[in-house]
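J.: Handing over final_10.cif, mmCIF, C-alpha atoms.
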data_my_file
loop_
_atom_site.label_atom_id
_atom_site.label_comp_id
_atom_site.auth_asym_id
_atom_site.auth_seq_id
_atom_site.Cartn_x
_atom_site.Cartn_y
_atom_site.Cartn_z
CA MET A 1 -22.24 2.48 -16.60
CA SER A 2 -19.01 4.41 -16.51
CA THR A 3 -16.01 2.82 -18.18
CA THR A 4 -13.52 4.93 -16.29
CA GLY A 5 -10.79 2.59 -15.14
CA PRO A 6 -8.21 2.65 -12.35
CA LYS A 7 -5.72 5.46 -12.34
CA GLU A 8 -2.99 3.15 -13.61
CA VAL A 9 -3.81 0.73 -16.41
CA LEU A 10 -1.25 -1.85 -17.48
CA GLN A 11 -0.88 -1.99 -21.25
CA LEU A 12 -0.49 -5.56 -22.46
CA ASP A 13 1.27 -6.53 -25.69
CA ASP A 14 -0.58 -8.66 -28.25
CA ASP A 15 1.57 -11.70 -27.39
CA SER A 16 0.79 -11.56 -23.66
CA GLY A 17 -0.49 -14.87 -22.34
CA ILE A 18 -3.96 -15.62 -21.02
CA LEU A 19 -2.65 -15.65 -17.44
CA ALA A 20 -1.39 -12.08 -17.73
CA ARG A 21 -4.70 -10.97 -19.22
CA THR A 22 -6.68 -12.77 -16.54
CA LEU A 23 -4.67 -11.16 -13.75
CA HIS A 24 -5.00 -7.78 -15.42
CA ILE A 25 -8.80 -8.06 -15.57
CA LEU A 26 -8.95 -9.21 -11.95
CA ARG A 27 -6.83 -6.24 -10.90
CA VAL A 28 -9.06 -3.81 -12.81
CA VAL A 29 -12.16 -5.19 -11.08
CA THR A 30 -10.36 -4.97 -7.74
CA GLN A 31 -9.50 -1.30 -8.20
CA SER A 32 -12.85 -0.24 -9.64
CA ALA A 33 -15.26 1.65 -7.38
CA GLU A 34 -18.25 -0.03 -9.04
CA PRO A 35 -19.07 -3.33 -10.78
CA LEU A 36 -18.01 -3.61 -14.42
CA ALA A 37 -19.46 -5.31 -17.49
CA ASN A 38 -17.43 -7.16 -20.10
CA ARG A 39 -17.67 -4.15 -22.40
CA ASP A 40 -16.27 -1.91 -19.63
CA LEU A 41 -13.38 -4.28 -19.03
CA ALA A 42 -12.64 -4.45 -22.74
CA ALA A 43 -12.65 -0.65 -22.99
CA ILE A 44 -10.38 -0.21 -19.97
CA THR A 45 -7.85 -2.93 -20.78
CA GLY A 46 -7.87 -2.98 -24.57
CA ILE A 47 -8.42 -6.74 -24.48
CA PRO A 48 -10.95 -7.97 -27.10
CA LYS A 49 -14.45 -8.34 -25.65
CA ALA A 50 -14.70 -12.01 -26.67
CA THR A 51 -11.51 -12.73 -24.74
CA VAL A 52 -12.75 -10.73 -21.77
CA SER A 53 -15.97 -12.77 -21.76
CA ARG A 54 -14.05 -16.05 -21.65
CA ILE A 55 -11.86 -14.77 -18.83
CA THR A 56 -14.73 -13.49 -16.67
CA THR A 57 -16.49 -16.84 -17.14
CA ARG A 58 -13.41 -18.66 -15.80
CA LEU A 59 -13.10 -16.22 -12.89
CA LEU A 60 -16.77 -16.75 -12.04
CA GLN A 61 -16.26 -20.51 -12.02
CA ALA A 62 -13.24 -20.08 -9.73
CA GLY A 63 -15.22 -17.90 -7.32
CA LEU A 64 -12.90 -14.94 -7.82
CA LEU A 65 -15.65 -12.89 -9.48
CA ARG A 66 -19.38 -12.76 -8.84
CA GLN A 67 -22.14 -11.51 -11.12
CA VAL A 68 -24.42 -8.85 -9.69
CA ARG A 69 -27.95 -10.25 -9.62
CA HIS A 70 -30.05 -9.56 -12.71
CA THR A 71 -27.25 -7.64 -14.42
CA GLU A 72 -24.23 -8.25 -16.65
CA LEU A 73 -21.94 -6.60 -14.12
CA PHE A 74 -19.03 -8.24 -12.31
CA ALA A 75 -17.51 -7.61 -8.88
CA LEU A 76 -15.02 -9.45 -6.72
CA GLY A 77 -16.12 -12.87 -5.52
CA ALA A 78 -15.80 -14.44 -2.10
CA GLY A 79 -12.93 -16.60 -3.36
CA VAL A 80 -10.52 -13.69 -3.04
CA LEU A 81 -11.02 -13.76 0.74
CA GLU A 82 -9.41 -17.18 0.94
CA LEU A 83 -6.40 -15.96 -1.01
CA SER A 84 -6.01 -12.73 0.97
CA ARG A 85 -6.48 -14.41 4.33
CA ALA A 86 -3.91 -17.10 3.51
CA PHE A 87 -1.48 -14.36 2.49
CA LEU A 88 -2.03 -12.18 5.57
CA ASP A 89 -1.98 -15.02 8.09
CA LYS A 90 1.54 -15.99 7.04
CA ILE A 91 3.00 -12.55 7.84
CA ASP A 92 4.38 -12.70 11.37
CA VAL A 93 5.30 -9.00 11.34
CA ARG A 94 1.66 -8.06 10.72
CA ALA A 95 0.42 -10.27 13.56
CA GLU A 96 2.84 -8.67 15.98
CA PHE A 97 1.91 -5.21 14.70
CA ARG A 98 -1.71 -5.97 15.58
CA ARG A 99 -0.69 -7.04 19.07
CA VAL A 100 1.53 -4.13 20.13
CA VAL A 101 0.17 -1.11 18.24
CA PRO A 102 -3.33 -0.47 19.74
CA PRO A 103 -2.18 1.05 23.08
CA ILE A 104 0.30 3.30 21.29
CA VAL A 105 -2.19 4.74 18.79
CA GLU A 106 -4.53 5.55 21.69
CA GLU A 107 -1.72 7.45 23.34
CA ILE A 108 -0.54 9.23 20.19
CA GLY A 109 -3.97 9.89 18.73
CA GLY A 110 -3.01 8.93 15.19
CA ALA A 111 -3.62 5.91 12.99
CA ALA A 112 -0.87 3.32 12.48
CA HIS A 113 -0.36 1.35 9.27
CA ILE A 114 1.82 -1.49 8.03
CA GLY A 115 2.36 -1.95 4.30
CA ILE A 116 4.34 -3.57 1.50
CA ARG A 117 5.17 -2.43 -2.02
CA ASP A 118 3.01 -3.35 -5.00
CA ARG A 119 4.42 -1.90 -8.23
CA PHE A 120 4.24 1.91 -7.92
CA ASP A 121 2.45 2.03 -4.56
CA MET A 122 2.55 0.87 -0.99
CA VAL A 123 -0.43 -1.35 -0.14
CA LEU A 124 -1.58 -1.43 3.47
CA LEU A 125 -1.72 -4.86 5.09
CA ASP A 126 -3.38 -3.55 8.21
CA THR A 127 -4.34 -0.35 9.96
CA VAL A 128 -5.19 0.52 13.56
CA GLN A 129 -7.26 3.59 14.40
CA PRO A 130 -7.49 5.12 17.88
CA ARG A 131 -10.87 4.35 19.40
CA ALA A 132 -11.07 7.59 21.34
CA ALA A 133 -10.82 9.83 18.27
CA THR A 134 -13.31 10.60 15.58
CA LEU A 135 -12.35 9.58 12.04
CA THR A 136 -8.57 9.92 11.74
CA THR A 137 -7.93 8.72 8.21
CA ARG A 138 -9.95 6.82 5.63
CA LEU A 139 -7.14 4.35 5.08
CA ARG A 140 -7.74 0.65 5.65
CA ALA A 141 -6.23 -2.69 4.63
CA GLY A 142 -5.85 -2.66 0.86
CA SER A 143 -5.52 1.12 0.55
CA ARG A 144 -2.73 2.32 -1.71
CA LEU A 145 -0.26 5.13 -0.99
CA SER A 146 2.31 6.71 -3.28
CA LEU A 147 5.83 5.32 -3.06
CA ALA A 148 7.27 8.73 -3.88
CA THR A 149 5.32 11.10 -1.66
CA SER A 150 4.04 9.11 1.34
CA ALA A 151 6.13 8.60 4.46
CA ILE A 152 5.53 4.84 4.31
CA GLY A 153 6.67 4.75 0.68
CA ARG A 154 9.82 6.74 1.36
CA ALA A 155 10.69 4.46 4.28
CA TYR A 156 10.40 1.46 1.98
CA LEU A 157 12.60 3.04 -0.70
CA CYS A 158 15.25 3.92 1.87
CA ALA A 159 15.37 0.28 2.99
CA LEU A 160 16.47 -0.86 -0.47
CA THR A 161 20.07 -1.26 -1.55
CA GLU A 162 21.43 1.63 -3.59
CA GLU A 163 21.14 -0.39 -6.79
CA GLU A 164 17.55 -1.45 -6.02
CA ARG A 165 16.58 2.09 -5.09
CA GLN A 166 18.02 3.53 -8.29
CA ALA A 167 16.10 0.98 -10.36
CA GLN A 168 12.85 1.64 -8.50
CA CYS A 169 13.23 5.39 -8.87
CA GLN A 170 13.88 5.07 -12.59
CA THR A 171 10.68 3.03 -12.87
CA LEU A 172 8.68 5.65 -10.97
CA VAL A 173 9.99 8.42 -13.22
CA ARG A 174 9.46 6.40 -16.40
CA HIS A 175 5.83 5.80 -15.51
CA ASP A 176 5.21 9.45 -14.59
CA GLN A 177 4.86 8.67 -10.91
CA ALA A 178 7.55 11.18 -9.92
CA LYS A 179 9.96 13.79 -11.24
CA ALA A 180 13.57 12.66 -11.14
CA GLY A 181 15.07 15.73 -9.47
CA GLU A 182 12.36 16.07 -6.85
CA LEU A 183 12.40 12.35 -6.06
CA ALA A 184 16.17 12.30 -5.57
CA GLN A 185 15.98 15.29 -3.26
CA GLN A 186 13.08 13.86 -1.26
CA LEU A 187 14.80 10.50 -0.80
CA GLN A 188 18.06 12.11 0.25
CA ARG A 189 16.18 14.01 2.91
CA ALA A 190 14.32 10.87 3.98
CA ALA A 191 17.57 8.89 4.22
CA THR A 192 19.09 11.60 6.42
CA GLU A 193 16.02 11.60 8.67
CA LEU A 194 16.18 7.81 9.00
CA GLN A 195 19.85 7.92 9.92
CA THR A 196 19.17 10.59 12.54
CA THR A 197 15.88 9.50 14.11
CA GLY A 198 15.07 6.11 12.57
CA PHE A 199 12.01 7.63 10.87
CA CYS A 200 11.26 9.73 7.80
CA ASN A 201 8.24 11.96 7.25
CA SER A 202 5.70 13.35 4.82
CA PHE A 203 4.04 16.54 5.99
CA GLY A 204 1.30 17.39 3.53
CA GLU A 205 3.18 15.95 0.55
CA TRP A 206 1.20 12.72 0.00
CA TYR A 207 -2.10 14.39 0.75
CA PRO A 208 -2.77 18.00 1.84
CA ASP A 209 -3.25 18.40 5.59
CA ILE A 210 -2.06 14.85 6.37
CA HIS A 211 1.09 14.39 8.44
CA ALA A 212 2.86 11.06 8.89
CA VAL A 213 6.15 9.51 9.99
CA ALA A 214 7.37 6.06 8.99
CA THR A 215 10.16 3.54 9.25
CA TYR A 216 10.94 0.14 7.75
CA LEU A 217 11.35 -3.44 8.91
CA LEU A 218 13.46 -6.07 7.18
CA ALA A 219 11.94 -9.49 7.94
CA PRO A 220 14.10 -12.60 8.36
CA ASP A 221 12.92 -13.89 4.96
CA GLY A 222 14.16 -10.70 3.28
CA ASP A 223 10.77 -9.04 2.74
CA ILE A 224 10.60 -5.32 3.47
CA TYR A 225 7.67 -3.83 5.38
CA ALA A 226 7.07 -0.23 6.38
CA ILE A 227 5.19 1.10 9.39
CA SER A 228 3.73 4.60 9.59
CA CYS A 229 1.69 6.70 11.97
CA GLY A 230 -0.22 9.79 10.97
CA GLY A 231 -3.42 11.73 10.61
CA PRO A 232 -4.80 15.24 10.21
CA ALA A 233 -2.19 17.98 10.53
CA SER A 234 -4.48 19.88 12.91
CA ARG A 235 -4.24 17.01 15.40
CA LEU A 236 -0.73 15.85 14.62
CA PRO A 237 1.54 18.82 13.91
CA ALA A 238 5.04 18.05 12.67
CA SER A 239 6.61 19.00 15.99
CA TYR A 240 4.35 16.63 17.93
CA LEU A 241 5.05 13.67 15.63
CA SER A 242 8.79 14.32 15.70
CA GLU A 243 9.16 14.96 19.41
CA GLN A 244 6.41 12.92 21.04
CA ALA A 245 5.20 10.20 18.66
CA ILE A 246 8.50 8.91 17.29
CA PRO A 247 9.91 7.84 20.69
CA ARG A 248 6.77 5.75 21.35
CA LEU A 249 6.83 4.30 17.85
CA ARG A 250 10.42 3.18 18.41
CA ASP A 251 9.11 1.05 21.28
CA VAL A 252 6.59 -0.54 18.91
CA VAL A 253 9.20 -1.34 16.30
CA ARG A 254 11.64 -2.75 18.85
CA ALA A 255 8.89 -5.02 20.23
CA ILE A 256 8.06 -6.30 16.74
CA CYS A 257 11.73 -6.94 16.00
CA ALA A 258 12.30 -8.76 19.29
CA GLU A 259 9.37 -11.08 18.62
CA THR A 260 9.88 -11.74 14.89
CA GLY A 261 13.62 -11.38 14.33
CA ALA A 262 13.10 -8.46 11.96
CA ILE A 263 15.68 -5.68 11.63
CA SER A 264 14.79 -2.00 11.72
CA ALA A 265 16.57 1.24 10.90
CA PHE A 266 17.64 1.56 14.53
CA THR A 267 17.93 -1.98 15.94
#
Translate the structure described by the file into C-alpha cells.

T.:
Amino acid sequence: MSTTGPKEVLQLDDDSGILARTLHILRVVTQSAEPLANRDLAAITGIPKATVSRITTRLLQAGLLRQVRHTELFALGAGVLELSRAFLDKIDVRAEFRRVVPPIVEEIGGAAHIGIRDRFDMVLLDTVQPRAATLTTRLRAGSRLSLATSAIGRAYLCALTEEERQAQCQTLVRHDQAKAGELAQQLQRAATELQTTGFCNSFGEWYPDIHAVATYLLAPDGDIYAISCGGPASRLPASYLSEQAIPRLRDVVRAICAETGAISAFT
C-alpha cells in the first residue's frame, strides 16, 4: 500500500486539538485515490498511530469512514453523503445554475462549472457537460482547480476586496502555490478583462490545452461563487470563447442573478 498523500498536507502543531486532527485525517482520506490504513494515515499526517487509530474508530462509528471488507483499509463512508447533500441543497445559486446552464453548454460545446474557494483551490459544486460531445473535461463535483492559474480561481480572487485579495495572494505565495510577481500580473490582467467583458480567462495556464473563461457571483448572503466554461483548446479556441461563448454566458449569469438576487461583474 502506497503512503503517498495528497499534494498538500496540513502540518499540525503538537498542541492541536483532537477536532483538528480528526478533520485532517478525514480530509486526507477524501483526497486519497485509494483506501488508507492507519499506518498510512500516520505517515502522511505525522499524527501518532495510536491517535490515528482512535480517530478512525470514531469516524467509523459516525459513518464518515468505512472499512474495506477483510482489510485494515479505510475509505469514505456513506455518512459524508448526508453532509454534502445538506450543504449543496442550501445553495440557491447552484440550483439555478443547474436549471439554466444545460441548453447553453449544448450550444457552446464546452463544460460549465460552478465553484467556491477551499483554502488554496476552487472546489466545484457542480458541472454540466454537453451531451452531444464526447468527453469534454474530466472535472466533476468535488474536483479542485488552482486559485492562481484557473479562470474560475482568478474570477474568485477578482471578486474580493483589495485587502482580502492581497491577503489571499500572500497566502498563496507563502505556501508555494504561486510566484508573487507572476500572480500580481495575472490578476491585474484578469481584473482588466472582467471590467471590459465581465469575464476573465485561462488559456492553457491551468492545464495545457485547456481553455476556459469565468466570472463571479456575489450571493445575497455574501458568499462568492465563480462560474466557468471551458474545454479542449482544439474545440474551444480563445477567439471562439471570447467572441461567441461569453455573450451566451452573460445570459446565464443574468438569469441566475434575477432569480437569486446575486450580483455579478456586469449586473

J.: Could you tell me how far CA of Thr161 in chain A lies from CA of Pro220 in chain A, in Å and to one decimal?

T.: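 Computed distance, CA of Thr161 in chain A to CA of Pro220 in chain A, equals 16.2 Å.
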
J.: I'd like the interatomic distance between CA of Tyr225 in chain A and CA of Glu34 in chain A, to a tenth of an Å.

T.: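 Going from CA of Tyr225 in chain A over to CA of Glu34 in chain A, I get 29.9 Å.
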
J.: Within 9 Å of (-14.5, -9.6, -3.8) (coordinates as in the file), grab all the protein and nucleic acid residues, counting only C-alpha atoms, and write them out as a list in words.

T.: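 The requested residues, written out, are Val29, Thr30, Leu64, Leu65, Arg66, Ala75, Leu76, Gly77, Ala78, Gly79, Val80 and Leu81 of chain A.
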
J.: What does the distance between CA of His113 in chain A and CA of Cys229 in chain A come to in Å, to one decimal place?

T.: 6.3 Å

J.: Given all atoms listed in the file as the basis, pick out the residue of A:Ala190, A:Leu88, A:Ala37, A:Ile18 nearest to Phe203 in chain A.

T.: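 The closest residue to Phe203 in chain A is A:Ala190.
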